[in-house]
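Below is one structure, written out as structure tokens; the observations come after it.
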Amino acid sequence: MRVKKVLNNNVLIAAHPEYNEVILTGKGIGFGKRTGEDISVESAEKFFVLRDQEEQQQYKQLLNYVDESFIGLMNECIERIEKRFEVRLNEHIHVGLTDHLYFAVKRIQQGLDIKNPFLTETELAYPKEYTVALEIVEWLNEKLGIAVPVGEVGFITLHIHSALTNRELSEVNMHTQLISRMVNVIEESLKFSVDRTDVNYLRLIRHFHASIERVQKDENRPENQEALAKVLQAEYPVCYNLAWKLIKIMQQNLHKPVPDAEAVYLTLHLQRLAKQ
């Protein structure tokens, strides 16, 4: 490979025969290097490809304000996540998670609190990612000598899930916020506060996530639930009408049709929740 640009002492861009441009990281790897100079992969602690031109530019801009030591820390952090899941994460996590955590740490050091209104919903939706995010927070606390608030675990979870599934963070965020909005509608309509530890609430949240995933991927199979729907409409009119209200909210946010059969499943979930 040949050096294309030295970004700082620990990061440089090199021309790779197979991947075109790659980013090499390692302690002191950029020190004294010049454009056009040969460099081996073995000299880098890690290398990754940012195929998207916009992501390349964002990463270069990141290095203008993020400390070199923090870049090294984040590379180690991402490597830890990859080892836990035994996969290569989508490279956009190098930009997204580094940028997010850099400013989160700054806010913590300034004594500012971090609130996350969607923490419970995030933990329920992505339990494996949440567990790893907890480990990362504990590791950061030890490395940086700070106390990262629990709310930050939820944000890291979303970044990990986004990189694992190759989905935009904005899309993952939107799903979490949509579910939180629907829970608020349920509480307002049924006039009670949902117990976030109730097993029926956990089942409902998981159902919401699974349903949204199916709608997004157009994986809904035609199901004839008309007979059961009529029984539920007669037996549980409040929950049945609420189910349709939630379906309309999903359709408006996802811009895709939600199958009628969803009203049956939601009515059953809502009725079990209301009984508590």
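Going through the structure tokens in order, the chains are called A, B, and so on, while each chain numbers its residues from 1 and the ligands are numbered from 1 in the order shown.
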
Item to check | DSSP-assigned helix (DSSP H, G or I) members of region 27-126 of chain A, reported as an MDAnalysis selection string | outcome: chainID A and resid 41:43 53:65 68:85 93:109 119:125

Item to check | Within 12 Å of Ile205 (chain A) using only C-alpha atoms, minus same-chain residues under 4 positions, as a ChimeraX atom specification | outcome: /A:118,120-126,175-183,194,196-201,209-212,266,269-270,273

Checklist outcome for this item: CA of Thr98 (chain A) sits from CA of Lys83 (chain A) at a separation of 17.9 Å

Next on the checklist: What's around region 64-78 of chain A at 10 Å? Count only C-alpha atoms, leave out sequence neighbours fewer than 4 positions away in its own chain, and write the answer as a VMD selection string.
Outcome noted: chain A and resid 7 to 11 25 to 27 45 to 47 59 to 60 82 to 84 88 to 89 91 93 to 95 97 to 99 101 to 103 136 to 137 139 to 140 143 to 144 160

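Using only C-alpha atoms for every distance, the candidate list A:Ile23, A:Val3, A:Ile114, A:Val185 yields A:Ile114 as the residue closest to Val150 (chain A).
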
Next on the checklist: Let me make sure I understand: among A:Ala14, A:Lys275, A:Gln61, A:Tyr240, which one has the smallest atom-to-atom distance to Asp260 (chain A) if we use only C-alpha atoms?
Outcome noted: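 When distances to Asp260 (chain A) are compared using only C-alpha atoms, the smallest one comes from A:Tyr240.
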
Item to check | Residue neighbourhood Ala229 (chain A), 10 Å, only C-alpha atoms, exclusion window fewer than 2 positions, as a list of chain:residue names | outcome: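 Everything that qualifies: A:Asn224, A:Gln225, A:Glu226, A:Ala227, A:Val231, A:Leu232, A:Gln233, A:Ala234, A:Glu235, A:Tyr240, A:Asp260, A:Ala261, A:Glu262, A:Ala263, A:Val264, A:Tyr265, A:Thr267.
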
Write a file of the just-selected residues containing N, CA and C atoms, as a tab-separated table (two decimals), in the first residue's frame.
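The file below, out21.tsv, is the result:
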chain	number	residue	atom	x	y	z
A	224	ASN	N	-56.32	-14.46	7.30
A	224	ASN	CA	-57.75	-14.22	7.43
A	224	ASN	C	-58.15	-14.34	8.91
A	225	GLN	N	-58.33	-13.19	9.54
A	225	GLN	CA	-58.68	-13.15	10.97
A	225	GLN	C	-60.03	-12.46	11.18
A	226	GLU	N	-60.84	-12.42	10.12
A	226	GLU	CA	-62.10	-11.65	10.19
A	226	GLU	C	-63.02	-12.17	11.29
A	227	ALA	N	-63.17	-13.49	11.39
A	227	ALA	CA	-64.08	-14.06	12.39
A	227	ALA	C	-63.63	-13.71	13.80
A	231	VAL	N	-65.31	-11.13	16.93
A	231	VAL	CA	-65.51	-11.56	18.33
A	231	VAL	C	-64.82	-10.58	19.27
A	232	LEU	N	-63.58	-10.21	18.95
A	232	LEU	CA	-62.82	-9.29	19.80
A	232	LEU	C	-63.44	-7.89	19.81
A	233	GLN	N	-63.95	-7.48	18.66
A	233	GLN	CA	-64.60	-6.16	18.59
A	233	GLN	C	-65.82	-6.10	19.50
A	234	ALA	N	-66.54	-7.21	19.58
A	234	ALA	CA	-67.74	-7.27	20.42
A	234	ALA	C	-67.38	-7.42	21.90
A	235	GLU	N	-66.35	-8.25	22.18
A	235	GLU	CA	-65.97	-8.52	23.57
A	235	GLU	C	-65.16	-7.38	24.20
A	240	TYR	N	-60.08	-2.92	21.05
A	240	TYR	CA	-60.13	-3.13	19.59
A	240	TYR	C	-60.01	-1.79	18.87
A	260	ASP	N	-54.57	-5.87	8.24
A	260	ASP	CA	-55.73	-5.84	9.14
A	260	ASP	C	-55.58	-6.81	10.30
A	261	ALA	N	-54.89	-7.93	10.06
A	261	ALA	CA	-54.72	-8.95	11.09
A	261	ALA	C	-54.00	-8.41	12.32
A	262	GLU	N	-53.25	-7.31	12.15
A	262	GLU	CA	-52.54	-6.71	13.27
A	262	GLU	C	-53.50	-6.25	14.36
A	263	ALA	N	-54.73	-5.88	13.97
A	263	ALA	CA	-55.73	-5.43	14.94
A	263	ALA	C	-56.07	-6.54	15.94
A	264	VAL	N	-56.07	-7.78	15.47
A	264	VAL	CA	-56.38	-8.92	16.34
A	264	VAL	C	-55.28	-9.09	17.39
A	265	TYR	N	-54.03	-9.12	16.92
A	265	TYR	CA	-52.91	-9.35	17.84
A	265	TYR	C	-52.78	-8.20	18.85
A	267	THR	N	-55.15	-6.16	19.88
A	267	THR	CA	-56.29	-6.19	20.81
A	267	THR	C	-56.01	-7.17	21.95

Item to check | Separation of CA of Asn253 (chain A) from CA of Tyr236 (chain A) in Å | outcome: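 CA of Tyr236 (chain A) sits 26.1 Å away from CA of Asn253 (chain A).
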
Could you tell me, as an mmCIF file with all heavy atoms, in the first residue's frame, which residues of region 30-272 of chain A DSSP assigns to strand (DSSP E or B) when given the backbone?
data_model
loop_
_atom_site.group_PDB
_atom_site.id
_atom_site.type_symbol
_atom_site.label_atom_id
_atom_site.label_comp_id
_atom_site.auth_asym_id
_atom_site.auth_seq_id
_atom_site.Cartn_x
_atom_site.Cartn_y
_atom_site.Cartn_z
ATOM 1 N N ASP A 38 5.580 3.846 0.801
ATOM 2 C CA ASP A 38 5.042 2.493 0.987
ATOM 3 C C ASP A 38 4.765 2.233 2.463
ATOM 4 O O ASP A 38 5.509 2.700 3.330
ATOM 5 C CB ASP A 38 6.042 1.437 0.480
ATOM 6 C CG ASP A 38 6.127 1.405 -1.044
ATOM 7 O OD1 ASP A 38 5.175 1.901 -1.686
ATOM 8 O OD2 ASP A 38 7.131 0.917 -1.571
ATOM 9 N N LYS A 46 -5.029 -1.670 13.177
ATOM 10 C CA LYS A 46 -6.343 -1.945 12.623
ATOM 11 C C LYS A 46 -6.506 -1.134 11.344
ATOM 12 O O LYS A 46 -5.948 -0.053 11.213
ATOM 13 C CB LYS A 46 -7.432 -1.545 13.634
ATOM 14 C CG LYS A 46 -8.851 -1.940 13.250
ATOM 15 C CD LYS A 46 -9.816 -1.577 14.377
ATOM 16 C CE LYS A 46 -11.254 -1.865 14.011
ATOM 17 N NZ LYS A 46 -11.540 -3.282 13.826
ATOM 18 N N PHE A 47 -7.253 -1.687 10.389
ATOM 19 C CA PHE A 47 -7.609 -0.867 9.233
ATOM 20 C C PHE A 47 -9.060 -1.124 8.879
ATOM 21 O O PHE A 47 -9.607 -2.191 9.123
ATOM 22 C CB PHE A 47 -6.665 -1.129 8.044
ATOM 23 C CG PHE A 47 -7.061 -2.267 7.144
ATOM 24 C CD1 PHE A 47 -7.900 -2.055 6.058
ATOM 25 C CD2 PHE A 47 -6.579 -3.545 7.375
ATOM 26 C CE1 PHE A 47 -8.251 -3.098 5.225
ATOM 27 C CE2 PHE A 47 -6.928 -4.598 6.547
ATOM 28 C CZ PHE A 47 -7.775 -4.378 5.467
ATOM 29 N N PHE A 48 -9.715 -0.103 8.360
ATOM 30 C CA PHE A 48 -11.111 -0.262 7.947
ATOM 31 C C PHE A 48 -11.362 0.569 6.697
ATOM 32 O O PHE A 48 -10.587 1.463 6.348
ATOM 33 C CB PHE A 48 -12.078 0.110 9.076
ATOM 34 C CG PHE A 48 -11.898 1.487 9.639
ATOM 35 C CD1 PHE A 48 -12.611 2.570 9.153
ATOM 36 C CD2 PHE A 48 -11.020 1.706 10.698
ATOM 37 C CE1 PHE A 48 -12.446 3.828 9.689
ATOM 38 C CE2 PHE A 48 -10.859 2.970 11.247
ATOM 39 C CZ PHE A 48 -11.575 4.034 10.729
#

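Atom to atom, CA of Glu188 (chain A) and CA of Asn116 (chain A) stand 21.1 Å apart.
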